[in-house]
$ cat target_33.txt   # compact mmCIF, C-alpha atoms (C1' of nucleotides)
# COMPACT_ATOMS: atom_id res chain seq x y z
CA MET A 1 23.91 -4.05 2.56
CA ASN A 2 21.99 -4.29 -0.70
CA THR A 3 18.30 -4.44 -1.47
CA ASP A 4 17.98 -8.21 -1.36
CA ALA A 5 19.76 -8.46 1.95
CA ALA A 6 17.64 -5.70 3.40
CA VAL A 7 14.42 -7.36 2.27
CA ASP A 8 15.57 -10.62 3.82
CA ALA A 9 16.44 -8.90 7.08
CA LEU A 10 13.19 -6.96 7.23
CA GLY A 11 11.17 -10.03 6.35
CA ALA A 12 12.91 -11.89 9.11
CA LEU A 13 11.94 -9.23 11.63
CA ALA A 14 8.39 -8.87 10.33
CA ASN A 15 6.92 -11.47 12.61
CA ALA A 16 5.90 -11.08 16.23
CA HIS A 17 7.75 -14.17 17.41
CA ARG A 18 10.93 -13.44 15.52
CA LEU A 19 10.88 -9.82 16.57
CA ALA A 20 10.56 -10.92 20.18
CA VAL A 21 13.44 -13.34 19.73
CA TYR A 22 15.58 -10.70 18.12
CA ARG A 23 14.89 -8.07 20.73
CA LEU A 24 15.63 -10.59 23.44
CA LEU A 25 18.99 -11.27 21.83
CA VAL A 26 19.70 -7.59 21.31
CA GLN A 27 19.16 -7.06 25.01
CA ALA A 28 21.18 -10.12 25.88
CA GLY A 29 24.23 -8.67 24.15
CA PRO A 30 27.15 -10.43 22.49
CA GLU A 31 27.18 -13.41 24.82
CA GLY A 32 23.77 -14.46 23.50
CA LYS A 33 21.37 -17.09 24.76
CA PRO A 34 20.83 -20.83 24.19
CA ALA A 35 17.79 -21.88 22.15
CA GLY A 36 16.22 -23.59 25.13
CA ALA A 37 16.32 -20.45 27.25
CA ILE A 38 14.71 -18.45 24.46
CA ALA A 39 11.97 -21.03 23.99
CA GLU A 40 11.19 -20.99 27.68
CA LYS A 41 11.21 -17.23 27.99
CA LEU A 42 8.91 -16.81 24.99
CA GLY A 43 6.76 -19.87 25.56
CA LEU A 44 7.34 -21.27 22.08
CA PRO A 45 7.47 -24.94 21.07
CA ALA A 46 11.02 -25.98 20.25
CA SER A 47 10.28 -26.73 16.62
CA SER A 48 8.59 -23.40 16.05
CA LEU A 49 11.42 -21.52 17.68
CA SER A 50 13.95 -23.41 15.62
CA PHE A 51 12.12 -22.37 12.48
CA HIS A 52 12.29 -18.73 13.50
CA LEU A 53 15.91 -18.89 14.61
CA ALA A 54 16.85 -20.40 11.27
CA HIS A 55 15.00 -17.61 9.53
CA LEU A 56 16.84 -14.92 11.48
CA THR A 57 20.15 -16.67 10.95
CA ARG A 58 19.61 -17.02 7.23
CA ALA A 59 18.87 -13.31 7.08
CA GLY A 60 22.19 -12.60 8.78
CA LEU A 61 20.66 -10.89 11.80
CA ILE A 62 21.85 -13.36 14.40
CA THR A 63 24.75 -15.76 14.75
CA GLN A 64 24.88 -19.31 16.01
CA ARG A 65 27.61 -21.03 17.96
CA ARG A 66 27.74 -24.34 19.73
CA GLU A 67 28.65 -24.66 23.37
CA SER A 68 28.59 -28.25 24.41
CA ARG A 69 25.07 -29.51 23.82
CA SER A 70 23.57 -26.05 23.56
CA LEU A 71 23.37 -23.83 20.53
CA ILE A 72 23.88 -20.22 21.51
CA TYR A 73 22.31 -17.46 19.46
CA ALA A 74 23.40 -13.84 19.55
CA ALA A 75 22.39 -10.68 17.73
CA ASP A 76 24.71 -9.47 14.98
CA PHE A 77 24.96 -5.77 15.68
CA ASP A 78 26.83 -4.96 12.51
CA ALA A 79 23.94 -6.36 10.49
CA MET A 80 21.44 -4.24 12.37
CA ASN A 81 23.49 -1.10 11.89
CA GLY A 82 23.88 -1.90 8.22
CA LEU A 83 20.17 -2.28 7.85
CA VAL A 84 19.43 1.00 9.59
CA GLY A 85 22.00 2.74 7.44
CA PHE A 86 20.47 1.30 4.33
CA LEU A 87 17.01 2.56 5.22
CA THR A 88 18.17 6.10 5.91
CA GLU A 89 20.64 6.29 3.05
CA LYS A 90 20.72 9.60 1.23
CA CYS A 91 17.98 10.69 3.56
CA CYS A 92 16.12 13.76 2.28
CA GLY A 93 18.49 14.07 -0.65
CA GLY A 94 21.14 15.53 1.60
CA ARG A 95 18.99 18.24 3.10
CA SER A 96 18.27 18.41 6.77
CA CYS A 97 15.70 16.00 8.03
CA ALA A 98 16.11 16.62 11.71
CA PRO A 99 16.07 13.54 13.89
CA ALA A 100 16.84 10.97 11.25
CA GLU A 101 20.47 11.90 11.02
CA LYS A 102 20.99 13.65 14.37
CA PRO A 103 23.47 16.30 13.22
CA LYS A 104 25.75 18.00 15.71
CA GLN A 105 23.22 18.77 18.33
CA LYS A 106 24.58 18.09 21.77
CA ARG A 107 21.20 18.06 23.37
CA SER A 108 20.32 14.85 25.04
CA ALA A 109 18.24 12.93 22.61
CA ALA A 110 15.80 10.16 23.44
CA MET B 1 6.18 2.22 19.19
CA ASN B 2 4.91 -1.12 20.41
CA THR B 3 5.41 -4.64 19.14
CA ASP B 4 2.37 -4.72 16.88
CA ALA B 5 3.23 -1.42 15.25
CA ALA B 6 6.81 -2.54 14.74
CA VAL B 7 5.72 -5.80 13.12
CA ASP B 8 3.41 -3.87 10.81
CA ALA B 9 6.16 -1.45 9.86
CA LEU B 10 8.72 -4.19 9.28
CA GLY B 11 6.24 -6.24 7.29
CA ALA B 12 5.50 -3.22 5.17
CA LEU B 13 9.19 -2.80 4.38
CA ALA B 14 9.80 -6.50 3.82
CA ASN B 15 9.07 -6.42 0.12
CA ALA B 16 11.37 -5.37 -2.68
CA HIS B 17 8.84 -3.06 -4.29
CA ARG B 18 7.74 -1.41 -1.09
CA LEU B 19 11.30 -1.02 0.11
CA ALA B 20 12.16 0.68 -3.17
CA VAL B 21 9.15 2.96 -2.80
CA TYR B 22 10.06 3.79 0.75
CA ARG B 23 13.69 4.53 0.02
CA LEU B 24 12.65 6.70 -2.89
CA LEU B 25 10.43 8.68 -0.55
CA VAL B 26 13.10 8.88 2.14
CA GLN B 27 15.45 10.36 -0.40
CA ALA B 28 12.74 12.67 -1.72
CA GLY B 29 12.35 14.23 1.72
CA PRO B 30 9.31 15.86 3.30
CA GLU B 31 7.90 17.24 0.07
CA GLY B 32 7.29 13.72 -1.18
CA LYS B 33 6.32 12.47 -4.61
CA PRO B 34 3.06 11.85 -6.49
CA ALA B 35 2.01 8.25 -7.07
CA GLY B 36 2.39 8.56 -10.82
CA ALA B 37 6.00 9.67 -10.57
CA ILE B 38 6.78 6.73 -8.29
CA ALA B 39 5.09 4.29 -10.64
CA GLU B 40 7.06 5.59 -13.55
CA LYS B 41 10.36 5.62 -11.73
CA LEU B 42 9.90 2.09 -10.50
CA GLY B 43 8.14 0.69 -13.55
CA LEU B 44 5.18 -0.62 -11.60
CA PRO B 45 1.56 -0.92 -12.79
CA ALA B 46 -0.62 1.68 -11.13
CA SER B 47 -2.78 -0.84 -9.33
CA SER B 48 0.18 -2.71 -7.90
CA LEU B 49 1.81 0.48 -6.71
CA SER B 50 -1.43 1.59 -5.10
CA PHE B 51 -1.55 -1.66 -3.19
CA HIS B 52 1.96 -1.13 -1.88
CA LEU B 53 1.41 2.52 -1.04
CA ALA B 54 -1.68 1.58 0.92
CA HIS B 55 0.34 -1.02 2.77
CA LEU B 56 3.04 1.47 3.73
CA THR B 57 0.45 4.05 4.72
CA ARG B 58 -1.47 1.60 6.87
CA ALA B 59 1.78 0.76 8.63
CA GLY B 60 2.31 4.44 9.38
CA LEU B 61 5.56 4.71 7.47
CA ILE B 62 4.41 7.19 4.87
CA THR B 63 1.79 9.91 4.69
CA GLN B 64 -0.63 10.84 1.94
CA ARG B 65 -1.87 14.27 0.94
CA ARG B 66 -3.82 15.45 -2.03
CA GLU B 67 -2.54 18.18 -4.29
CA SER B 68 -4.98 18.87 -7.04
CA ARG B 69 -5.43 15.67 -8.99
CA SER B 70 -2.30 14.04 -7.57
CA LEU B 71 -1.87 12.14 -4.36
CA ILE B 72 1.48 12.97 -2.85
CA TYR B 73 3.24 10.46 -0.66
CA ALA B 74 6.04 11.27 1.74
CA ALA B 75 8.10 9.32 4.26
CA ASP B 76 7.20 9.78 7.91
CA PHE B 77 10.57 10.22 9.54
CA ASP B 78 9.28 10.06 13.08
CA ALA B 79 7.91 6.60 12.37
CA MET B 80 11.23 5.42 11.02
CA ASN B 81 13.10 6.76 14.02
CA GLY B 82 10.62 5.16 16.35
CA LEU B 83 11.12 1.84 14.64
CA VAL B 84 14.89 2.03 14.86
CA GLY B 85 14.67 2.99 18.51
CA PHE B 86 12.39 0.07 19.20
CA LEU B 87 14.78 -2.39 17.61
CA THR B 88 17.78 -1.19 19.59
CA GLU B 89 15.94 -0.67 22.85
CA LYS B 90 17.84 -1.73 25.96
CA CYS B 91 20.59 -2.81 23.65
CA CYS B 92 23.02 -5.20 25.32
CA GLY B 93 21.23 -4.77 28.62
CA GLY B 94 22.86 -1.40 29.12
CA ARG B 95 26.39 -2.61 28.62
CA SER B 96 28.57 -1.39 25.82
CA CYS B 97 27.77 -2.77 22.44
CA ALA B 98 30.08 -0.65 20.38
CA PRO B 99 28.64 0.56 17.11
CA ALA B 100 24.99 0.18 17.99
CA GLU B 101 25.12 3.14 20.30
CA LYS B 102 27.39 6.13 20.61
CA PRO B 103 30.91 4.80 21.03
CA LYS B 104 31.72 6.44 24.30
CA GLN B 105 33.10 3.52 26.24
CA LYS B 106 36.75 2.65 26.34
CA ARG B 107 36.38 -0.72 27.91
CA SER B 108 36.73 -3.66 25.62
CA ALA B 109 33.84 -5.62 27.00
CA ALA B 110 33.57 -8.07 24.17
C1' DC C 1 27.77 -48.82 24.12
C1' DC C 2 23.60 -46.75 25.76
C1' DC C 3 20.94 -43.33 27.48
C1' DA C 4 19.59 -38.51 28.46
C1' DT C 5 19.57 -33.93 26.86
C1' DG C 6 19.39 -30.00 23.62
C1' DA C 7 18.07 -28.76 19.28
C1' DT C 8 16.87 -29.34 14.22
C1' DT C 9 14.33 -31.30 10.27
C1' DC C 10 10.22 -33.24 8.16
C1' DG C 11 5.50 -33.05 6.72
C1' DA C 12 0.75 -31.67 6.21
C1' DT C 13 -2.46 -27.98 6.84
C1' DG C 14 -4.38 -23.46 7.09
C1' DA C 15 -3.71 -18.68 6.51
C1' DT C 16 -1.94 -14.63 4.28
C1' DA C 17 0.30 -11.91 0.58
C1' DC C 18 1.38 -10.33 -4.38
C1' DT C 19 -0.11 -9.37 -8.99
C1' DG C 20 -2.37 -6.65 -12.66
C1' DG C 21 -6.31 -5.66 -15.81
C1' DA C 22 -10.79 -3.58 -15.74
C1' DA C 23 -13.99 -0.62 -13.64
C1' DA C 24 -15.02 3.06 -10.34
C1' DT C 25 -13.80 7.41 -7.88
C1' DG C 26 -12.29 12.05 -7.36
C1' DT C 27 -10.50 16.44 -9.52
C1' DC C 28 -9.86 19.96 -12.75
C1' DG C 29 -10.11 22.75 -17.26
C1' DA C 30 -12.93 24.35 -21.05
C1' DT D 1 -21.67 19.51 -18.22
C1' DC D 2 -18.31 16.83 -20.50
C1' DG D 3 -13.98 14.88 -21.12
C1' DA D 4 -9.33 13.95 -19.62
C1' DC D 5 -6.37 12.77 -16.09
C1' DA D 6 -4.57 10.63 -11.59
C1' DT D 7 -5.31 7.12 -8.66
C1' DT D 8 -7.80 3.61 -6.14
C1' DT D 9 -10.79 -0.47 -5.57
C1' DC D 10 -12.30 -4.95 -7.03
C1' DC D 11 -11.34 -9.61 -8.16
C1' DA D 12 -9.38 -14.11 -8.73
C1' DG D 13 -5.45 -16.88 -9.43
C1' DT D 14 -0.85 -18.10 -7.73
C1' DA D 15 2.66 -18.33 -4.42
C1' DT D 16 4.74 -18.04 -0.03
C1' DC D 17 4.65 -18.34 5.08
C1' DA D 18 3.56 -20.10 9.98
C1' DT D 19 2.46 -23.92 12.98
C1' DC D 20 3.84 -27.89 15.81
C1' DG D 21 4.04 -33.04 16.78
C1' DA D 22 6.98 -36.74 15.62
C1' DA D 23 11.20 -38.36 14.00
C1' DT D 24 16.06 -37.47 13.69
C1' DC D 25 20.67 -35.63 14.62
C1' DA D 26 24.50 -34.13 17.82
C1' DT D 27 26.85 -34.14 22.19
C1' DG D 28 28.45 -35.72 26.65
C1' DG D 29 28.43 -38.82 30.78
C1' DG D 30 28.57 -43.41 32.97
$ encode --input "target_33.txt" --output "structure tokens"
Amino acid sequence: MNTDAAVDALGALANAHRLAVYRLLVQAGPEGKPAGAIAEKLGLPASSLSFHLAHLTRAGLITQRRESRSLIYAADFDAMNGLVGFLTEKCCGGRSCAPAEKPKQKRSAA
Amino acid sequence: MNTDAAVDALGALANAHRLAVYRLLVQAGPEGKPAGAIAEKLGLPASSLSFHLAHLTRAGLITQRRESRSLIYAADFDAMNGLVGFLTEKCCGGRSCAPAEKPKQKRSAA
DNA sequence: CCCATGATTCGATGATACTGGAAATGTCGA
DNA sequence: TCGACATTTCCAGTATCATCGAATCATGGG
């Protein structure tokens, strides 16, 4: 993950519709969801949804695969983890910064 | 963290300059950095930097405090953790999704 | 081959964001 | 009080993004 990729990913998520799509796919897990099901669930016109799906795909946050006539989209969890890692990189210059790194505390965290 | 707040935060980070500012502050830790030092480090005109700092502040990602003539900015780590939590919420519908959560499962679900 | 279905691309329009110099604001030392 | 310093606000020009109906592409069944 480099700066350009991170900016692309963040820009892709910085929209209410795309964020909703992405979270839906995150919750759907690796099997993903077809475009039509997403459009219905979110109440978006097909062309608008397609625009947003393309945006997320271009940013590397989701993947696309065809299954017969449907195109199935799924979240790319590696990309998300890479993004999170990039944001917190060298957090606090190595010093403790409590919850951002969650050290070796065995307390149940939220 | 709700959807609107997340969109604001992501939008604030979705810019090369602001992302650089934010990462600089994340690495600087809780003590933060004065605007002038950030401007110099990043080679940004003061007015442009001020615009970006205001954007990040409005999104709740960084905090501002005055120290004599300087305005010190610092990353708000709670906000970042809230954002990350929001993105990964209900990840995979509760099923295993490997690296996104603590790797505790031994089933190969995928 | 032809049609139905699922999804993308095209195109025009309106809205929003980024930039940076100049001027204004707030703060401190002498 | 005056001047120097640190930073923000103002402003206008440019550029990029979001929307969605219609047209188009891709696939599978009869």
$ closest_residue --input "target_33.txt" --among "A:Ser68, A:His17, A:Phe86, A:Ala28" --to "A:Leu53" --atoms "all atoms listed in the file"
A:His17
$ residues_around --input "target_33.txt" --residues "stretch 19-23 of chain B" --least-positions-apart "3" --cutoff "9 Å" --atoms "only C-alpha atoms (C1' of nucleotides)" --output "list in words"
Thr3, Ala6, Val7, Phe86, Leu87, Thr88, Glu89, Lys90 and Cys91 of chain A; Ala12, Leu13, Ala14, Asn15, Ala16, Val26, Gln27, Ala28, Ile38, Ala39, Leu42, Leu49, His52, Leu53, Leu56, Leu61, Ile62, Ala74 and Ala75 of chain B
$ atom_distance --input "target_33.txt" --atom1 "atom C1' of D:DT9" --atom2 "atom CA of B:Leu25"
23.6 Å
$ calpha_fit_rmsd --input "target_33.txt" --fixed "chain A" --moving "chain B"
3.7 Å
$ atom_distance --input "target_33.txt" --atom1 "atom CA of B:Tyr73" --atom2 "atom CA of B:Met1"
21.7 Å
$ residues_around --input "target_33.txt" --residues "C:DT8" --least-positions-apart "6" --cutoff "10 Å" --atoms "only C-alpha atoms (C1' of nucleotides)" --output "PyMOL selection string"
(chain A and resi 46-47+50-51+54) or (chain D and resi 24-26)
$ closest_atom_pairs --input "target_33.txt" --of "chain C" --to "chain A" --cutoff "12 Å" --atoms "all atoms listed in the file" --output "JSON lines"
{"residue": "C:DA4", "atom": "C1'", "partner": "A:Arg69", "partner_atom": "CA", "distance": 11.5}
{"residue": "C:DT5", "atom": "C1'", "partner": "A:Arg69", "partner_atom": "CA", "distance": 7.7}
{"residue": "C:DG6", "atom": "C1'", "partner": "A:Arg69", "partner_atom": "CA", "distance": 5.7}
{"residue": "C:DA7", "atom": "C1'", "partner": "A:Leu71", "partner_atom": "CA", "distance": 7.3}
{"residue": "C:DT8", "atom": "C1'", "partner": "A:Ser50", "partner_atom": "CA", "distance": 6.8}
{"residue": "C:DT9", "atom": "C1'", "partner": "A:Ser47", "partner_atom": "CA", "distance": 8.8}
{"residue": "C:DC10", "atom": "C1'", "partner": "A:Ser47", "partner_atom": "CA", "distance": 10.7}
$ write_last_selection --input "target_33.txt" --atoms "C-alpha atoms (C1' of nucleotides)" --output "mmCIF file, in the coordinates of the input"
data_model
loop_
_atom_site.group_PDB
_atom_site.id
_atom_site.type_symbol
_atom_site.label_atom_id
_atom_site.label_comp_id
_atom_site.auth_asym_id
_atom_site.auth_seq_id
_atom_site.Cartn_x
_atom_site.Cartn_y
_atom_site.Cartn_z
ATOM 1 C "C1'" DA C 4 19.590 -38.510 28.460
ATOM 2 C "C1'" DT C 5 19.570 -33.930 26.860
ATOM 3 C "C1'" DG C 6 19.390 -30.000 23.620
ATOM 4 C "C1'" DA C 7 18.070 -28.760 19.280
ATOM 5 C "C1'" DT C 8 16.870 -29.340 14.220
ATOM 6 C "C1'" DT C 9 14.330 -31.300 10.270
ATOM 7 C "C1'" DC C 10 10.220 -33.240 8.160
#
$ interface_residues --input "target_33.txt" --of "chain D" --to "chain B" --cutoff "9 Å" --atoms "all atoms listed in the file" --output "tab-separated table (two decimals) with C-alpha atoms (C1' of nucleotides), in the frame of the given file"
chain	number	residue	atom	x	y	z
D	5	DC	C1'	-6.37	12.77	-16.09
D	6	DA	C1'	-4.57	10.63	-11.59
D	7	DT	C1'	-5.31	7.12	-8.66
D	8	DT	C1'	-7.80	3.61	-6.14
D	9	DT	C1'	-10.79	-0.47	-5.57
$ residues_around --input "target_33.txt" --residues "stretch 11-23 of chain C" --least-positions-apart "3" --cutoff "8 Å" --atoms "all atoms listed in the file" --output "VMD selection string"
(chain B and resid 45 47 to 48) or (chain D and resid 16 to 17)
$ closest_residue --input "target_33.txt" --among "A:Phe77, A:Leu44, A:Glu67, A:Leu83" --to "chain B" --atoms "only C-alpha atoms"
A:Phe77
$ atom_distance --input "target_33.txt" --atom1 "atom C1' of D:DA22" --atom2 "atom C1' of C:DC3"
19.5 Å
$ closest_residue --input "target_33.txt" --among "A:Lys33, A:Val84, A:Asp8, A:Cys92" --to "chain B" --atoms "all atoms listed in the file"
A:Cys92
$ axis_aligned_box --input "target_33.txt" --around "stretch 72-89 of chain B" --padding-each-side "4 Å" --output "JSON"
{"center_x": 9.6, "center_y": 5.3, "center_z": 10.0, "size_x": 24.3, "size_y": 23.4, "size_z": 33.7}
$ residues_around --input "target_33.txt" --residues "D:DG3" --least-positions-apart "2" --cutoff "10 Å" --atoms "all atoms listed in the file" --output "list in words"
DG29 and DA30 of chain C; DT1 and DC5 of chain D
$ closest_residue --input "target_33.txt" --among "A:Ala37, A:Ile72, A:Ala9, A:Ala59" --to "chain B" --atoms "all atoms listed in the file"
A:Ala9
$ closest_residue --input "target_33.txt" --among "B:Gly60, B:Gly82, B:Asn2, B:Leu10" --to "chain A" --atoms "all atoms listed in the file"
B:Leu10
$ build_atoms --input "target_33.txt" --residues "stretch 78-93 of chain A" --atoms "N, CA and C atoms" --output "PDB file, in the frame of the given file"
ATOM      1  N   ASP A  78      26.418  -5.571  13.774  1.00  0.00           N
ATOM      2  CA  ASP A  78      26.830  -4.960  12.510  1.00  0.00           C
ATOM      3  C   ASP A  78      25.706  -5.036  11.487  1.00  0.00           C
ATOM      4  N   ALA A  79      25.031  -6.190  11.451  1.00  0.00           N
ATOM      5  CA  ALA A  79      23.940  -6.360  10.490  1.00  0.00           C
ATOM      6  C   ALA A  79      22.831  -5.357  10.762  1.00  0.00           C
ATOM      7  N   MET A  80      22.510  -5.187  12.043  1.00  0.00           N
ATOM      8  CA  MET A  80      21.440  -4.240  12.370  1.00  0.00           C
ATOM      9  C   MET A  80      21.827  -2.831  11.961  1.00  0.00           C
ATOM     10  N   ASN A  81      23.059  -2.450  12.251  1.00  0.00           N
ATOM     11  CA  ASN A  81      23.490  -1.100  11.890  1.00  0.00           C
ATOM     12  C   ASN A  81      23.505  -0.917  10.379  1.00  0.00           C
ATOM     13  N   GLY A  82      23.893  -1.975   9.668  1.00  0.00           N
ATOM     14  CA  GLY A  82      23.880  -1.900   8.220  1.00  0.00           C
ATOM     15  C   GLY A  82      22.484  -1.693   7.683  1.00  0.00           C
ATOM     16  N   LEU A  83      21.560  -2.392   8.279  1.00  0.00           N
ATOM     17  CA  LEU A  83      20.170  -2.280   7.850  1.00  0.00           C
ATOM     18  C   LEU A  83      19.641  -0.865   8.089  1.00  0.00           C
ATOM     19  N   VAL A  84      19.893  -0.350   9.269  1.00  0.00           N
ATOM     20  CA  VAL A  84      19.430   1.000   9.590  1.00  0.00           C
ATOM     21  C   VAL A  84      20.058   2.016   8.638  1.00  0.00           C
ATOM     22  N   GLY A  85      21.325   1.836   8.370  1.00  0.00           N
ATOM     23  CA  GLY A  85      22.000   2.740   7.440  1.00  0.00           C
ATOM     24  C   GLY A  85      21.407   2.672   6.052  1.00  0.00           C
ATOM     25  N   PHE A  86      21.045   1.470   5.657  1.00  0.00           N
ATOM     26  CA  PHE A  86      20.470   1.300   4.330  1.00  0.00           C
ATOM     27  C   PHE A  86      19.132   2.024   4.205  1.00  0.00           C
ATOM     28  N   LEU A  87      18.338   1.931   5.252  1.00  0.00           N
ATOM     29  CA  LEU A  87      17.010   2.560   5.220  1.00  0.00           C
ATOM     30  C   LEU A  87      17.104   4.079   5.136  1.00  0.00           C
ATOM     31  N   THR A  88      18.090   4.641   5.825  1.00  0.00           N
ATOM     32  CA  THR A  88      18.170   6.100   5.910  1.00  0.00           C
ATOM     33  C   THR A  88      19.149   6.692   4.903  1.00  0.00           C
ATOM     34  N   GLU A  89      19.633   5.854   4.015  1.00  0.00           N
ATOM     35  CA  GLU A  89      20.640   6.290   3.050  1.00  0.00           C
ATOM     36  C   GLU A  89      20.154   7.466   2.206  1.00  0.00           C
ATOM     37  N   LYS A  90      21.025   8.418   2.035  1.00  0.00           N
ATOM     38  CA  LYS A  90      20.720   9.600   1.230  1.00  0.00           C
ATOM     39  C   LYS A  90      19.416  10.255   1.670  1.00  0.00           C
ATOM     40  N   CYS A  91      19.192  10.157   2.961  1.00  0.00           N
ATOM     41  CA  CYS A  91      17.980  10.690   3.560  1.00  0.00           C
ATOM     42  C   CYS A  91      17.736  12.128   3.137  1.00  0.00           C
ATOM     43  N   CYS A  92      16.535  12.416   2.648  1.00  0.00           N
ATOM     44  CA  CYS A  92      16.120  13.760   2.280  1.00  0.00           C
ATOM     45  C   CYS A  92      17.014  14.380   1.214  1.00  0.00           C
ATOM     46  N   GLY A  93      17.651  13.560   0.431  1.00  0.00           N
ATOM     47  CA  GLY A  93      18.490  14.070  -0.650  1.00  0.00           C
ATOM     48  C   GLY A  93      19.595  14.973  -0.158  1.00  0.00           C
TER      49      GLY A  93
END
